[in-house]
$ cat coords20.pdb   # PDB, C-alpha atoms
ATOM      1  CA  MET A   1      43.036 180.447 -46.746
ATOM      2  CA  ARG A   2      41.188 183.626 -45.808
ATOM      3  CA  PHE A   3      40.632 186.610 -48.073
ATOM      4  CA  PRO A   4      39.102 189.817 -46.697
ATOM      5  CA  PHE A   5      36.559 191.454 -48.965
ATOM      6  CA  ARG A   6      38.223 194.329 -50.812
ATOM      7  CA  ALA A   7      36.856 197.859 -50.905
ATOM      8  CA  LEU A   8      37.705 200.216 -53.743
ATOM      9  CA  PRO A   9      37.266 203.958 -54.144
ATOM     10  CA  ALA A  10      34.128 205.020 -55.988
ATOM     11  CA  ALA A  11      34.708 207.348 -58.903
ATOM     12  CA  SER A  12      31.760 209.383 -57.667
ATOM     13  CA  GLY A  13      33.283 209.698 -54.173
ATOM     14  CA  GLY A  14      33.166 207.525 -51.092
ATOM     15  CA  GLU A  15      33.859 203.850 -51.510
ATOM     16  CA  LEU A  16      32.299 200.897 -53.252
ATOM     17  CA  THR A  17      30.821 198.100 -51.191
ATOM     18  CA  PRO A  18      33.630 195.646 -50.368
ATOM     19  CA  ARG A  19      33.504 192.644 -52.742
ATOM     20  CA  PRO A  20      34.543 188.993 -52.354
ATOM     21  CA  VAL A  21      37.733 188.689 -54.380
ATOM     22  CA  VAL A  22      40.573 186.215 -54.689
ATOM     23  CA  ASP A  23      43.951 187.059 -56.181
ATOM     24  CA  ILE A  24      44.819 184.384 -58.745
ATOM     25  CA  ALA A  25      48.287 184.174 -60.287
ATOM     26  CA  LEU A  26      48.722 182.823 -63.791
ATOM     27  CA  GLU A  27      51.717 180.632 -64.521
ATOM     28  CA  GLY A  28      54.403 182.912 -65.862
ATOM     29  CA  LEU A  29      52.941 185.871 -64.022
ATOM     30  CA  LEU A  30      53.399 184.949 -60.379
ATOM     31  CA  ALA A  31      54.572 188.451 -59.443
ATOM     32  CA  ALA A  32      51.205 189.954 -60.358
ATOM     33  CA  PRO A  33      48.230 187.869 -59.219
ATOM     34  CA  MET A  34      45.050 189.122 -60.874
ATOM     35  CA  GLU A  35      42.208 190.232 -58.657
ATOM     36  CA  CYS A  36      39.209 188.037 -59.502
ATOM     37  CA  LEU A  37      35.676 188.612 -58.329
ATOM     38  CA  LEU A  38      34.127 185.468 -56.937
ATOM     39  CA  ASP A  39      31.178 184.808 -59.254
ATOM     40  CA  THR A  40      29.050 181.883 -58.118
ATOM     41  CA  GLY A  41      26.738 182.444 -61.068
ATOM     42  CA  ALA A  42      29.445 182.151 -63.725
ATOM     43  CA  LEU A  43      30.237 178.878 -65.444
ATOM     44  CA  ARG A  44      33.622 180.043 -66.736
ATOM     45  CA  THR A  45      36.669 181.700 -65.216
ATOM     46  CA  ARG A  46      37.484 184.704 -67.376
ATOM     47  CA  MET A  47      40.169 187.351 -67.524
ATOM     48  CA  SER A  48      41.295 190.102 -69.850
ATOM     49  CA  ALA A  49      43.147 188.881 -72.946
ATOM     50  CA  GLU A  50      45.791 191.541 -72.177
ATOM     51  CA  LEU A  51      47.160 189.215 -69.501
ATOM     52  CA  ALA A  52      47.845 186.205 -71.730
ATOM     53  CA  PRO A  53      50.961 187.523 -73.527
ATOM     54  CA  LEU A  54      52.314 188.884 -70.246
ATOM     55  CA  ALA A  55      52.151 185.341 -68.868
ATOM     56  CA  GLY A  56      53.545 183.791 -72.043
ATOM     57  CA  ILE A  57      50.250 182.084 -72.866
ATOM     58  CA  GLU A  58      49.721 181.429 -76.572
ATOM     59  CA  LEU A  59      46.150 181.926 -77.804
ATOM     60  CA  ASP A  60      46.549 181.839 -81.599
ATOM     61  CA  ASP A  61      45.123 178.338 -82.092
ATOM     62  CA  ALA A  62      42.987 178.279 -78.971
ATOM     63  CA  PRO A  63      39.278 177.348 -79.040
ATOM     64  CA  ALA A  64      37.196 180.522 -79.051
ATOM     65  CA  GLU A  65      33.648 181.573 -78.342
ATOM     66  CA  GLU A  66      31.663 184.783 -78.472
ATOM     67  CA  PHE A  67      29.408 185.816 -75.635
ATOM     68  CA  PHE A  68      28.050 188.821 -73.797
ATOM     69  CA  VAL A  69      29.398 190.057 -70.483
ATOM     70  CA  ALA A  70      27.994 193.114 -68.736
ATOM     71  CA  GLY A  71      26.054 193.834 -71.929
ATOM     72  CA  LEU A  72      29.197 193.866 -74.065
ATOM     73  CA  LYS A  73      29.816 191.392 -76.884
ATOM     74  CA  THR A  74      33.238 189.887 -76.495
ATOM     75  CA  ALA A  75      35.328 186.964 -77.703
ATOM     76  CA  GLY A  76      37.056 184.531 -75.386
ATOM     77  CA  ALA A  77      39.947 182.195 -76.161
ATOM     78  CA  LEU A  78      40.440 179.119 -74.021
ATOM     79  CA  ALA A  79      43.730 178.059 -72.490
ATOM     80  CA  ARG A  80      44.428 175.462 -69.863
ATOM     81  CA  VAL A  81      46.848 177.066 -67.442
ATOM     82  CA  ASN A  82      48.356 176.567 -64.023
ATOM     83  CA  LEU A  83      46.860 178.892 -61.419
ATOM     84  CA  THR A  84      48.084 179.722 -57.914
ATOM     85  CA  VAL A  85      46.465 181.312 -54.888
ATOM     86  CA  THR A  86      48.208 182.247 -51.667
ATOM     87  CA  ASP A  87      47.312 184.043 -48.483
ATOM     88  CA  GLY A  88      50.965 184.736 -47.778
ATOM     89  CA  THR A  89      51.342 181.620 -45.676
ATOM     90  CA  GLU A  90      49.794 178.762 -47.615
ATOM     91  CA  GLU A  91      49.861 178.297 -51.371
ATOM     92  CA  PHE A  92      47.819 176.106 -53.705
ATOM     93  CA  SER A  93      48.247 175.526 -57.431
ATOM     94  CA  TRP A  94      46.011 173.734 -59.905
ATOM     95  CA  ASP A  95      45.445 173.362 -63.636
ATOM     96  CA  ALA A  96      42.288 174.923 -64.962
ATOM     97  CA  PRO A  97      40.570 176.239 -68.065
ATOM     98  CA  VAL A  98      40.644 180.040 -68.313
ATOM     99  CA  TRP A  99      38.957 182.135 -70.990
ATOM    100  CA  PHE A 100      40.951 185.194 -72.053
ATOM    101  CA  CYS A 101      38.549 187.795 -73.394
ATOM    102  CA  ASP A 102      38.874 190.778 -75.702
ATOM    103  CA  PRO A 103      37.362 193.250 -75.106
ATOM    104  CA  TRP A 104      37.009 192.840 -71.365
ATOM    105  CA  PRO A 105      34.861 195.408 -69.557
ATOM    106  CA  HIS A 106      35.708 194.604 -65.951
ATOM    107  CA  PRO A 107      38.621 195.939 -63.904
ATOM    108  CA  PHE A 108      39.085 192.421 -62.476
ATOM    109  CA  GLY A 109      38.782 188.799 -63.564
ATOM    110  CA  LEU A 110      35.816 186.557 -62.820
ATOM    111  CA  ALA A 111      36.375 183.340 -60.849
ATOM    112  CA  GLY A 112      33.569 180.963 -61.826
ATOM    113  CA  LEU A 113      32.683 177.306 -61.459
ATOM    114  CA  GLU A 114      35.059 175.863 -64.028
ATOM    115  CA  GLY A 115      38.553 176.948 -63.208
ATOM    116  CA  PHE A 116      37.973 178.007 -59.630
ATOM    117  CA  LEU A 117      34.953 176.955 -57.578
ATOM    118  CA  HIS A 118      35.212 173.289 -58.584
ATOM    119  CA  HIS A 119      38.627 173.188 -56.910
ATOM    120  CA  PHE A 120      37.710 174.584 -53.477
ATOM    121  CA  VAL A 121      35.263 174.469 -50.626
ATOM    122  CA  VAL A 122      34.330 178.137 -50.423
ATOM    123  CA  THR A 123      32.723 179.744 -47.381
ATOM    124  CA  ILE A 124      31.515 183.298 -47.893
ATOM    125  CA  ARG A 125      30.970 185.261 -44.704
ATOM    126  CA  ALA A 126      29.662 188.494 -46.134
ATOM    127  CA  HIS A 127      28.460 189.698 -42.741
ATOM    128  CA  ASP A 128      32.015 189.449 -41.435
ATOM    129  CA  GLY A 129      33.626 190.685 -44.640
ATOM    130  CA  TYR A 130      35.745 187.740 -45.680
ATOM    131  CA  LEU A 131      35.726 184.410 -47.476
ATOM    132  CA  ASP A 132      37.580 181.192 -46.747
ATOM    133  CA  ILE A 133      38.713 178.760 -49.408
ATOM    134  CA  GLU A 134      39.813 175.207 -48.724
ATOM    135  CA  PRO A 135      41.607 173.495 -51.616
ATOM    136  CA  GLN A 136      40.185 170.149 -52.746
ATOM    137  CA  PRO A 137      42.868 167.879 -54.239
TER     138      PRO A 137
ATOM    139  CA  MET B   1      61.988 230.108 -56.016
ATOM    140  CA  PRO B   2      63.875 228.474 -53.113
ATOM    141  CA  ALA B   3      67.595 228.058 -53.625
ATOM    142  CA  MET B   4      69.378 225.160 -52.009
ATOM    143  CA  THR B   5      72.763 223.546 -52.071
ATOM    144  CA  VAL B   6      73.028 219.809 -52.631
ATOM    145  CA  SER B   7      76.391 218.074 -52.698
ATOM    146  CA  GLY B   8      78.185 221.363 -53.242
ATOM    147  CA  HIS B   9      75.971 222.403 -56.174
ATOM    148  CA  ARG B  10      73.481 225.232 -55.938
ATOM    149  CA  TYR B  11      69.997 224.697 -57.368
ATOM    150  CA  GLU B  12      66.887 226.799 -57.643
ATOM    151  CA  LEU B  13      63.918 224.487 -57.393
ATOM    152  CA  ASP B  14      60.181 225.043 -57.205
ATOM    153  CA  ARG B  15      57.190 222.761 -56.765
ATOM    154  CA  HIS B  16      55.937 223.040 -60.330
ATOM    155  CA  GLY B  17      59.354 222.272 -61.757
ATOM    156  CA  VAL B  18      59.659 219.151 -59.657
ATOM    157  CA  GLN B  19      56.138 218.041 -60.590
ATOM    158  CA  ALA B  20      56.868 218.603 -64.274
ATOM    159  CA  VAL B  21      60.057 216.517 -64.197
ATOM    160  CA  LEU B  22      58.113 213.585 -62.755
ATOM    161  CA  GLU B  23      55.474 213.532 -65.491
ATOM    162  CA  GLY B  24      55.574 210.180 -67.257
ATOM    163  CA  VAL B  25      57.973 208.636 -64.713
ATOM    164  CA  LEU B  26      56.977 205.754 -62.447
ATOM    165  CA  PRO B  27      58.053 205.853 -58.800
ATOM    166  CA  GLU B  28      60.543 203.223 -57.705
ATOM    167  CA  PRO B  29      59.796 200.950 -54.739
ATOM    168  CA  ILE B  30      59.490 202.653 -51.364
ATOM    169  CA  HIS B  31      61.902 201.153 -48.853
ATOM    170  CA  GLU B  32      61.366 203.461 -45.905
ATOM    171  CA  HIS B  33      61.115 207.194 -46.589
ATOM    172  CA  PHE B  34      58.869 208.765 -49.174
ATOM    173  CA  VAL B  35      57.524 212.115 -50.315
ATOM    174  CA  VAL B  36      54.097 212.673 -51.823
ATOM    175  CA  ILE B  37      54.090 214.447 -55.184
ATOM    176  CA  ASN B  38      51.229 214.519 -57.679
ATOM    177  CA  GLY B  39      49.306 212.176 -55.366
ATOM    178  CA  ARG B  40      51.982 209.480 -55.504
ATOM    179  CA  ARG B  41      54.641 208.263 -53.121
ATOM    180  CA  TRP B  42      58.196 208.735 -54.344
ATOM    181  CA  PRO B  43      61.590 207.752 -52.922
ATOM    182  CA  PRO B  44      63.201 211.121 -52.080
ATOM    183  CA  LYS B  45      66.512 210.172 -53.683
ATOM    184  CA  GLN B  46      64.863 209.236 -56.980
ATOM    185  CA  VAL B  47      63.142 212.618 -57.123
ATOM    186  CA  LEU B  48      66.172 214.694 -56.223
ATOM    187  CA  ALA B  49      68.356 212.778 -58.683
ATOM    188  CA  LEU B  50      65.836 213.428 -61.459
ATOM    189  CA  VAL B  51      65.472 217.136 -60.788
ATOM    190  CA  THR B  52      69.174 217.867 -60.223
ATOM    191  CA  GLY B  53      70.830 215.316 -62.502
ATOM    192  CA  LEU B  54      73.116 214.344 -59.636
ATOM    193  CA  ASP B  55      74.180 210.776 -58.993
ATOM    194  CA  ARG B  56      72.283 209.290 -56.069
ATOM    195  CA  ALA B  57      75.549 208.471 -54.361
ATOM    196  CA  ASP B  58      76.205 212.211 -54.080
ATOM    197  CA  PHE B  59      73.561 212.834 -51.406
ATOM    198  CA  THR B  60      71.700 211.032 -48.640
ATOM    199  CA  THR B  61      68.031 210.197 -48.284
ATOM    200  CA  HIS B  62      67.764 212.727 -45.472
ATOM    201  CA  GLN B  63      69.246 215.492 -47.635
ATOM    202  CA  ALA B  64      66.793 214.655 -50.397
ATOM    203  CA  ARG B  65      63.894 214.520 -48.005
ATOM    204  CA  ARG B  66      64.844 217.851 -46.435
ATOM    205  CA  ALA B  67      65.166 219.520 -49.842
ATOM    206  CA  LEU B  68      61.759 218.308 -50.961
ATOM    207  CA  THR B  69      59.949 219.116 -47.735
ATOM    208  CA  ARG B  70      61.332 222.664 -48.030
ATOM    209  CA  LEU B  71      59.355 222.871 -51.272
ATOM    210  CA  GLY B  72      56.218 221.905 -49.379
ATOM    211  CA  PHE B  73      55.920 218.245 -50.337
ATOM    212  CA  PRO B  74      54.739 216.067 -47.456
ATOM    213  CA  ALA B  75      57.138 213.348 -46.367
ATOM    214  CA  ALA B  76      56.670 210.258 -44.252
ATOM    215  CA  ARG B  77      58.058 206.879 -43.422
ATOM    216  CA  ALA B  78      56.384 203.750 -44.766
ATOM    217  CA  ALA B  79      55.115 201.132 -42.361
ATOM    218  CA  SER B  80      57.101 197.908 -42.514
ATOM    219  CA  SER B  81      55.781 194.842 -44.311
ATOM    220  CA  ARG B  82      55.250 193.153 -40.963
ATOM    221  CA  GLU B  83      53.201 196.093 -39.718
ATOM    222  CA  HIS B  84      51.159 195.942 -42.931
ATOM    223  CA  ARG B  85      50.423 192.268 -42.412
ATOM    224  CA  MET B  86      49.424 192.790 -38.788
ATOM    225  CA  ARG B  87      47.079 195.593 -39.746
ATOM    226  CA  ALA B  88      45.587 193.458 -42.506
ATOM    227  CA  VAL B  89      44.774 190.747 -40.003
ATOM    228  CA  GLN B  90      43.369 193.227 -37.518
ATOM    229  CA  ALA B  91      41.273 194.917 -40.180
ATOM    230  CA  ALA B  92      39.724 191.738 -41.634
ATOM    231  CA  GLY B  93      36.285 192.847 -40.590
ATOM    232  CA  PRO B  94      33.245 194.268 -42.396
ATOM    233  CA  SER B  95      35.209 197.266 -43.638
ATOM    234  CA  GLY B  96      37.681 194.947 -45.306
ATOM    235  CA  SER B  97      40.699 197.170 -45.789
ATOM    236  CA  ALA B  98      43.741 197.871 -43.686
ATOM    237  CA  ALA B  99      45.404 200.999 -42.402
ATOM    238  CA  GLY B 100      48.678 202.570 -43.483
ATOM    239  CA  GLU B 101      50.555 205.641 -42.321
ATOM    240  CA  PRO B 102      51.131 208.212 -45.026
ATOM    241  CA  ASP B 103      51.986 211.564 -43.527
ATOM    242  CA  GLY B 104      51.563 210.111 -40.056
ATOM    243  CA  GLU B 105      47.834 209.588 -40.563
ATOM    244  CA  PRO B 106      46.072 206.238 -40.855
ATOM    245  CA  GLN B 107      45.179 205.527 -44.473
ATOM    246  CA  THR B 108      43.026 202.782 -45.897
ATOM    247  CA  LEU B 109      43.702 201.007 -49.165
ATOM    248  CA  VAL B 110      40.657 202.808 -50.520
ATOM    249  CA  GLU B 111      42.265 206.190 -49.918
ATOM    250  CA  ALA B 112      45.633 204.976 -51.178
ATOM    251  CA  LEU B 113      43.938 203.902 -54.419
ATOM    252  CA  ARG B 114      41.854 207.040 -54.914
ATOM    253  CA  PRO B 115      44.520 209.016 -56.864
ATOM    254  CA  PHE B 116      44.750 206.113 -59.304
ATOM    255  CA  ILE B 117      41.150 205.771 -60.467
ATOM    256  CA  GLY B 118      41.194 204.434 -64.023
ATOM    257  CA  LEU B 119      44.772 203.100 -63.780
ATOM    258  CA  TRP B 120      46.114 199.591 -63.343
ATOM    259  CA  VAL B 121      47.728 199.072 -59.962
ATOM    260  CA  ALA B 122      49.763 196.470 -58.126
ATOM    261  CA  VAL B 123      49.147 196.422 -54.387
ATOM    262  CA  ARG B 124      50.660 194.653 -51.410
ATOM    263  CA  GLY B 125      48.747 194.951 -48.166
ATOM    264  CA  ASP B 126      47.514 198.528 -48.017
ATOM    265  CA  GLU B 127      50.380 199.816 -50.140
ATOM    266  CA  VAL B 128      50.137 200.732 -53.807
ATOM    267  CA  LEU B 129      53.396 199.495 -55.329
ATOM    268  CA  VAL B 130      52.856 200.988 -58.761
ATOM    269  CA  ALA B 131      50.113 202.557 -60.853
ATOM    270  CA  ALA B 132      50.319 202.668 -64.638
ATOM    271  CA  PRO B 133      48.096 202.886 -67.720
ATOM    272  CA  SER B 134      48.310 199.193 -68.631
ATOM    273  CA  PRO B 135      48.934 195.802 -67.018
ATOM    274  CA  LYS B 136      51.983 195.501 -69.264
ATOM    275  CA  ASP B 137      53.506 198.578 -67.617
ATOM    276  CA  VAL B 138      52.702 197.252 -64.154
ATOM    277  CA  VAL B 139      54.244 193.849 -64.858
ATOM    278  CA  ALA B 140      57.337 195.463 -66.395
ATOM    279  CA  TRP B 141      57.793 197.631 -63.304
ATOM    280  CA  LEU B 142      57.476 194.627 -60.973
ATOM    281  CA  ALA B 143      60.063 192.709 -62.997
ATOM    282  CA  GLN B 144      62.436 195.680 -63.202
ATOM    283  CA  HIS B 145      62.405 196.209 -59.453
ATOM    284  CA  GLY B 146      62.173 192.569 -58.366
ATOM    285  CA  GLN B 147      58.865 193.171 -56.626
ATOM    286  CA  ARG B 148      55.984 190.751 -56.074
ATOM    287  CA  ALA B 149      52.465 192.094 -55.709
ATOM    288  CA  GLN B 150      49.609 190.688 -53.719
ATOM    289  CA  SER B 151      47.113 191.754 -56.348
ATOM    290  CA  MET B 152      46.829 193.539 -59.657
ATOM    291  CA  PHE B 153      43.680 195.201 -60.990
ATOM    292  CA  ARG B 154      42.354 198.345 -62.584
ATOM    293  CA  VAL B 155      40.844 200.856 -60.181
ATOM    294  CA  PRO B 156      37.330 201.250 -61.621
ATOM    295  CA  ASP B 157      36.615 204.605 -63.175
ATOM    296  CA  SER B 158      32.874 204.166 -62.973
ATOM    297  CA  ASP B 159      30.618 202.537 -60.452
ATOM    298  CA  GLN B 160      29.024 200.528 -63.284
ATOM    299  CA  ALA B 161      32.345 198.864 -64.125
ATOM    300  CA  ILE B 162      32.252 196.887 -60.909
ATOM    301  CA  THR B 163      28.531 196.342 -60.546
ATOM    302  CA  GLY B 164      28.271 194.456 -63.835
ATOM    303  CA  ALA B 165      25.775 196.862 -65.329
ATOM    304  CA  ALA B 166      25.852 197.232 -69.094
ATOM    305  CA  PRO B 167      28.134 199.995 -70.367
ATOM    306  CA  GLN B 168      26.321 203.048 -71.713
TER     307      GLN B 168
END

$ encode --input "coords20.pdb" --output "structure tokens"
Amino acid sequence: MRFPFRALPAASGGELTPRPVVDIALEGLLAAPMECLLDTGALRTRMSAELAPLAGIELDDAPAEEFFVAGLKTAGALARVNLTVTDGTEEFSWDAPVWFCDPWPHPFGLAGLEGFLHHFVVTIRAHDGYLDIEPQP
Amino acid sequence: MPAMTVSGHRYELDRHGVQAVLEGVLPEPIHEHFVVINGRRWPPKQVLALVTGLDRADFTTHQARRALTRLGFPAARAASSREHRMRAVQAAGPSGSAAGEPDGEPQTLVEALRPFIGLWVAVRGDEVLVAAPSPKDVVAWLAQHGQRAQSMFRVPDSDQAITGAAPQ
């Protein structure tokens, strides 16, 4: 599956450098896959806690941890969920641990080793502006 | 203030009045025709129904479009989903984004997103389906209109938000 890097408008004008992102759908929220920045340096896969209730994911008794992201202290709650990626032609789903964080400073999720990279062969072609992911069963 | 007759009723409409009526309303899905008001794409029939109170069955898309273009709002026809996909494939190069055709001019996803800085959006191809203050609003809109997005995210309102730098 191929995902073009995505450019976004810069608040200061012009556009931000296109980033490697993958749109990952949570179970229960297939109509709105969350844009996730590919983060090869991150151990966890993390998203905003706002998404959990929208997907029907219960976090009340979930394991939790505190940590810093982008200089902001936040708390994450762990849930094992089914995730799906698609390029419009192919589709792949897998179960993975996702940390739902509150507060969450980023406008996207972070796709890290656990939860995402362990499940794919990922080829980043930054020069050409896209990445390929090959699911590993 | 331009006066116009729609479905046998006479209305006096102006740009500011139309813009005011749309405050706090989310545009419905664009099927083919749209007008641009307050930086957003709107189905012409939704707008005219809101400002006149008429039932949508009482007028056609072309009547609505003509009424709104008379007030100076730009109108255009959306590219089809297939055209979006073809452009996305063609544009999968270093620039990353694909072209659309608002107002007859090519438009990148970047430019389509620019009016929505700071808002949550759902996009499909180079089209912004909906923009709203929260992901809850976006998801509710998708469910209400039976739409499926390619991606949902918040358009960053600061360059630091996407670079990972510590907030000030």

$ closest_residue --input "coords20.pdb" --among "A:Ala126, A:Leu59, A:Val98, A:Leu83" --to "chain B" --atoms "all atoms listed in the file"
A:Ala126

$ resolve_selection --input "coords20.pdb" --expression "the PyMOL selection byres ((chain A) within 6 of (chain B))" --output "list in words"
Pro4, Phe5, Arg6, Leu8, Pro9, Ala11, Asp23, Ala31, Ala32, Pro33, Met34, Glu35, Ala70, Gly71, His106, Pro107, Phe108, Asp128 and Gly129 of chain A

$ write_last_selection --input "coords20.pdb" --atoms "C-alpha atoms" --output "short mmCIF file (atom, residue, chain, number, x, y, z; two decimals), in the coordinates of the input"
data_model
loop_
_atom_site.label_atom_id
_atom_site.label_comp_id
_atom_site.auth_asym_id
_atom_site.auth_seq_id
_atom_site.Cartn_x
_atom_site.Cartn_y
_atom_site.Cartn_z
CA PRO A 4 39.10 189.82 -46.70
CA PHE A 5 36.56 191.45 -48.96
CA ARG A 6 38.22 194.33 -50.81
CA LEU A 8 37.70 200.22 -53.74
CA PRO A 9 37.27 203.96 -54.14
CA ALA A 11 34.71 207.35 -58.90
CA ASP A 23 43.95 187.06 -56.18
CA ALA A 31 54.57 188.45 -59.44
CA ALA A 32 51.20 189.95 -60.36
CA PRO A 33 48.23 187.87 -59.22
CA MET A 34 45.05 189.12 -60.87
CA GLU A 35 42.21 190.23 -58.66
CA ALA A 70 27.99 193.11 -68.74
CA GLY A 71 26.05 193.83 -71.93
CA HIS A 106 35.71 194.60 -65.95
CA PRO A 107 38.62 195.94 -63.90
CA PHE A 108 39.08 192.42 -62.48
CA ASP A 128 32.02 189.45 -41.44
CA GLY A 129 33.63 190.68 -44.64
#

$ resolve_selection --input "coords20.pdb" --expression "the PyMOL selection byres ((chain A and resi 66) around 10)" --output "PDB file with C-alpha atoms, in the coordinates of the input"
ATOM      1  CA  ALA A  64      37.196 180.522 -79.051  1.00  0.00           C
ATOM      2  CA  GLU A  65      33.648 181.573 -78.342  1.00  0.00           C
ATOM      3  CA  PHE A  67      29.408 185.816 -75.635  1.00  0.00           C
ATOM      4  CA  PHE A  68      28.050 188.821 -73.797  1.00  0.00           C
ATOM      5  CA  VAL A  69      29.398 190.057 -70.483  1.00  0.00           C
ATOM      6  CA  LYS A  73      29.816 191.392 -76.884  1.00  0.00           C
ATOM      7  CA  THR A  74      33.238 189.887 -76.495  1.00  0.00           C
ATOM      8  CA  ALA A  75      35.328 186.964 -77.703  1.00  0.00           C
ATOM      9  CA  GLY A  76      37.056 184.531 -75.386  1.00  0.00           C
ATOM     10  CA  ALA A  77      39.947 182.195 -76.161  1.00  0.00           C
ATOM     11  CA  CYS A 101      38.549 187.795 -73.394  1.00  0.00           C
ATOM     12  CA  ASP A 102      38.874 190.778 -75.702  1.00  0.00           C
TER      13      ASP A 102
END

$ axis_aligned_box --input "coords20.pdb" --around "stretch 17-23 of chain B" --padding-each-side "5 Å" --output "AutoDock Vina command-line options"
--center_x 57.8 --center_y 217.9 --center_z -62.6 --size_x 14.6 --size_y 18.7 --size_z 15.8

$ atom_distance --input "coords20.pdb" --atom1 "atom CA of A:Asp39" --atom2 "atom CA of A:Asp61"
27.5 Å

$ closest_residue --input "coords20.pdb" --among "A:Thr45, A:Gln136, A:Thr123, A:Thr40" --to "A:Trp94" --atoms "only C-alpha atoms"
A:Gln136

$ closest_residue --input "coords20.pdb" --among "B:Gly53, B:Gly24, B:Pro43, B:Gly17" --to "B:Pro133" --atoms "all atoms listed in the file"
B:Gly24

$ residues_near_point --input "coords20.pdb" --point "(60.8, 223.0, -56.0)" --cutoff "10 Å" --atoms "only C-alpha atoms" --output "JSON, numbers by chain"
{"B": [1, 2, 3, 4, 11, 12, 13, 14, 15, 16, 17, 18, 19, 48, 51, 67, 68, 69, 70, 71, 72, 73]}

$ write_last_selection --input "coords20.pdb" --atoms "C-alpha atoms" --output "compact mmCIF listing (two decimals), in the frame of the given file"
# COMPACT_ATOMS: atom_id res chain seq x y z
CA MET B 1 61.99 230.11 -56.02
CA PRO B 2 63.88 228.47 -53.11
CA ALA B 3 67.60 228.06 -53.62
CA MET B 4 69.38 225.16 -52.01
CA TYR B 11 70.00 224.70 -57.37
CA GLU B 12 66.89 226.80 -57.64
CA LEU B 13 63.92 224.49 -57.39
CA ASP B 14 60.18 225.04 -57.20
CA ARG B 15 57.19 222.76 -56.76
CA HIS B 16 55.94 223.04 -60.33
CA GLY B 17 59.35 222.27 -61.76
CA VAL B 18 59.66 219.15 -59.66
CA GLN B 19 56.14 218.04 -60.59
CA LEU B 48 66.17 214.69 -56.22
CA VAL B 51 65.47 217.14 -60.79
CA ALA B 67 65.17 219.52 -49.84
CA LEU B 68 61.76 218.31 -50.96
CA THR B 69 59.95 219.12 -47.74
CA ARG B 70 61.33 222.66 -48.03
CA LEU B 71 59.36 222.87 -51.27
CA GLY B 72 56.22 221.90 -49.38
CA PHE B 73 55.92 218.24 -50.34

$ resolve_selection --input "coords20.pdb" --expression "the PyMOL selection byres ((chain A and resi 90) around 12)" --output "ChimeraX atom specification"
/A:1-2,84-89,91-93,133-135

$ atom_distance --input "coords20.pdb" --atom1 "atom CA of A:Leu16" --atom2 "atom CA of A:Val122"
23.0 Å

$ atom_distance --input "coords20.pdb" --atom1 "atom CA of A:Met47" --atom2 "atom CA of A:Gly115"
11.4 Å

$ residues_around --input "coords20.pdb" --residues "A:Asn82" --least-positions-apart "6" --cutoff "9 Å" --atoms "all atoms listed in the file" --output "list in words"
Ala25, Leu26, Glu27, Gly28, Ser93, Trp94, Asp95, Ala96 and Pro97 of chain A

$ decode --input "coords20.pdb" --residues "stretch 69-80 of chain A" --atoms "N, CA and C atoms" --output "PDB file, in the first residue's frame"
ATOM      1  N   VAL A  69       5.288  14.432  26.054  1.00  0.00           N
ATOM      2  CA  VAL A  69       5.326  14.434  24.599  1.00  0.00           C
ATOM      3  C   VAL A  69       5.349  15.891  24.150  1.00  0.00           C
ATOM      4  N   ALA A  70       6.284  16.192  23.277  1.00  0.00           N
ATOM      5  CA  ALA A  70       6.461  17.571  22.799  1.00  0.00           C
ATOM      6  C   ALA A  70       6.557  18.549  23.970  1.00  0.00           C
ATOM      7  N   GLY A  71       7.199  18.108  25.058  1.00  0.00           N
ATOM      8  CA  GLY A  71       7.393  18.981  26.208  1.00  0.00           C
ATOM      9  C   GLY A  71       6.189  19.113  27.103  1.00  0.00           C
ATOM     10  N   LEU A  72       5.136  18.382  26.829  1.00  0.00           N
ATOM     11  CA  LEU A  72       3.890  18.478  27.593  1.00  0.00           C
ATOM     12  C   LEU A  72       3.678  17.198  28.393  1.00  0.00           C
ATOM     13  N   LYS A  73       3.424  17.354  29.703  1.00  0.00           N
ATOM     14  CA  LYS A  73       3.125  16.175  30.520  1.00  0.00           C
ATOM     15  C   LYS A  73       1.713  15.711  30.228  1.00  0.00           C
ATOM     16  N   THR A  74       1.579  14.432  29.956  1.00  0.00           N
ATOM     17  CA  THR A  74       0.272  13.905  29.610  1.00  0.00           C
ATOM     18  C   THR A  74       0.097  12.525  30.227  1.00  0.00           C
ATOM     19  N   ALA A  75      -1.124  12.030  30.212  1.00  0.00           N
ATOM     20  CA  ALA A  75      -1.413  10.697  30.722  1.00  0.00           C
ATOM     21  C   ALA A  75      -2.009   9.866  29.594  1.00  0.00           C
ATOM     22  N   GLY A  76      -1.501   8.642  29.466  1.00  0.00           N
ATOM     23  CA  GLY A  76      -2.008   7.747  28.437  1.00  0.00           C
ATOM     24  C   GLY A  76      -2.685   6.543  29.057  1.00  0.00           C
ATOM     25  N   ALA A  77      -3.768   6.093  28.447  1.00  0.00           N
ATOM     26  CA  ALA A  77      -4.469   4.889  28.878  1.00  0.00           C
ATOM     27  C   ALA A  77      -4.385   3.874  27.746  1.00  0.00           C
ATOM     28  N   LEU A  78      -4.065   2.645  28.125  1.00  0.00           N
ATOM     29  CA  LEU A  78      -3.804   1.612  27.117  1.00  0.00           C
ATOM     30  C   LEU A  78      -5.059   0.813  26.794  1.00  0.00           C
ATOM     31  N   ALA A  79      -5.270   0.609  25.506  1.00  0.00           N
ATOM     32  CA  ALA A  79      -6.347  -0.294  25.071  1.00  0.00           C
ATOM     33  C   ALA A  79      -5.825  -1.116  23.902  1.00  0.00           C
ATOM     34  N   ARG A  80      -6.214  -2.356  23.883  1.00  0.00           N
ATOM     35  CA  ARG A  80      -5.857  -3.195  22.731  1.00  0.00           C
ATOM     36  C   ARG A  80      -7.041  -3.143  21.766  1.00  0.00           C
TER      37      ARG A  80
END
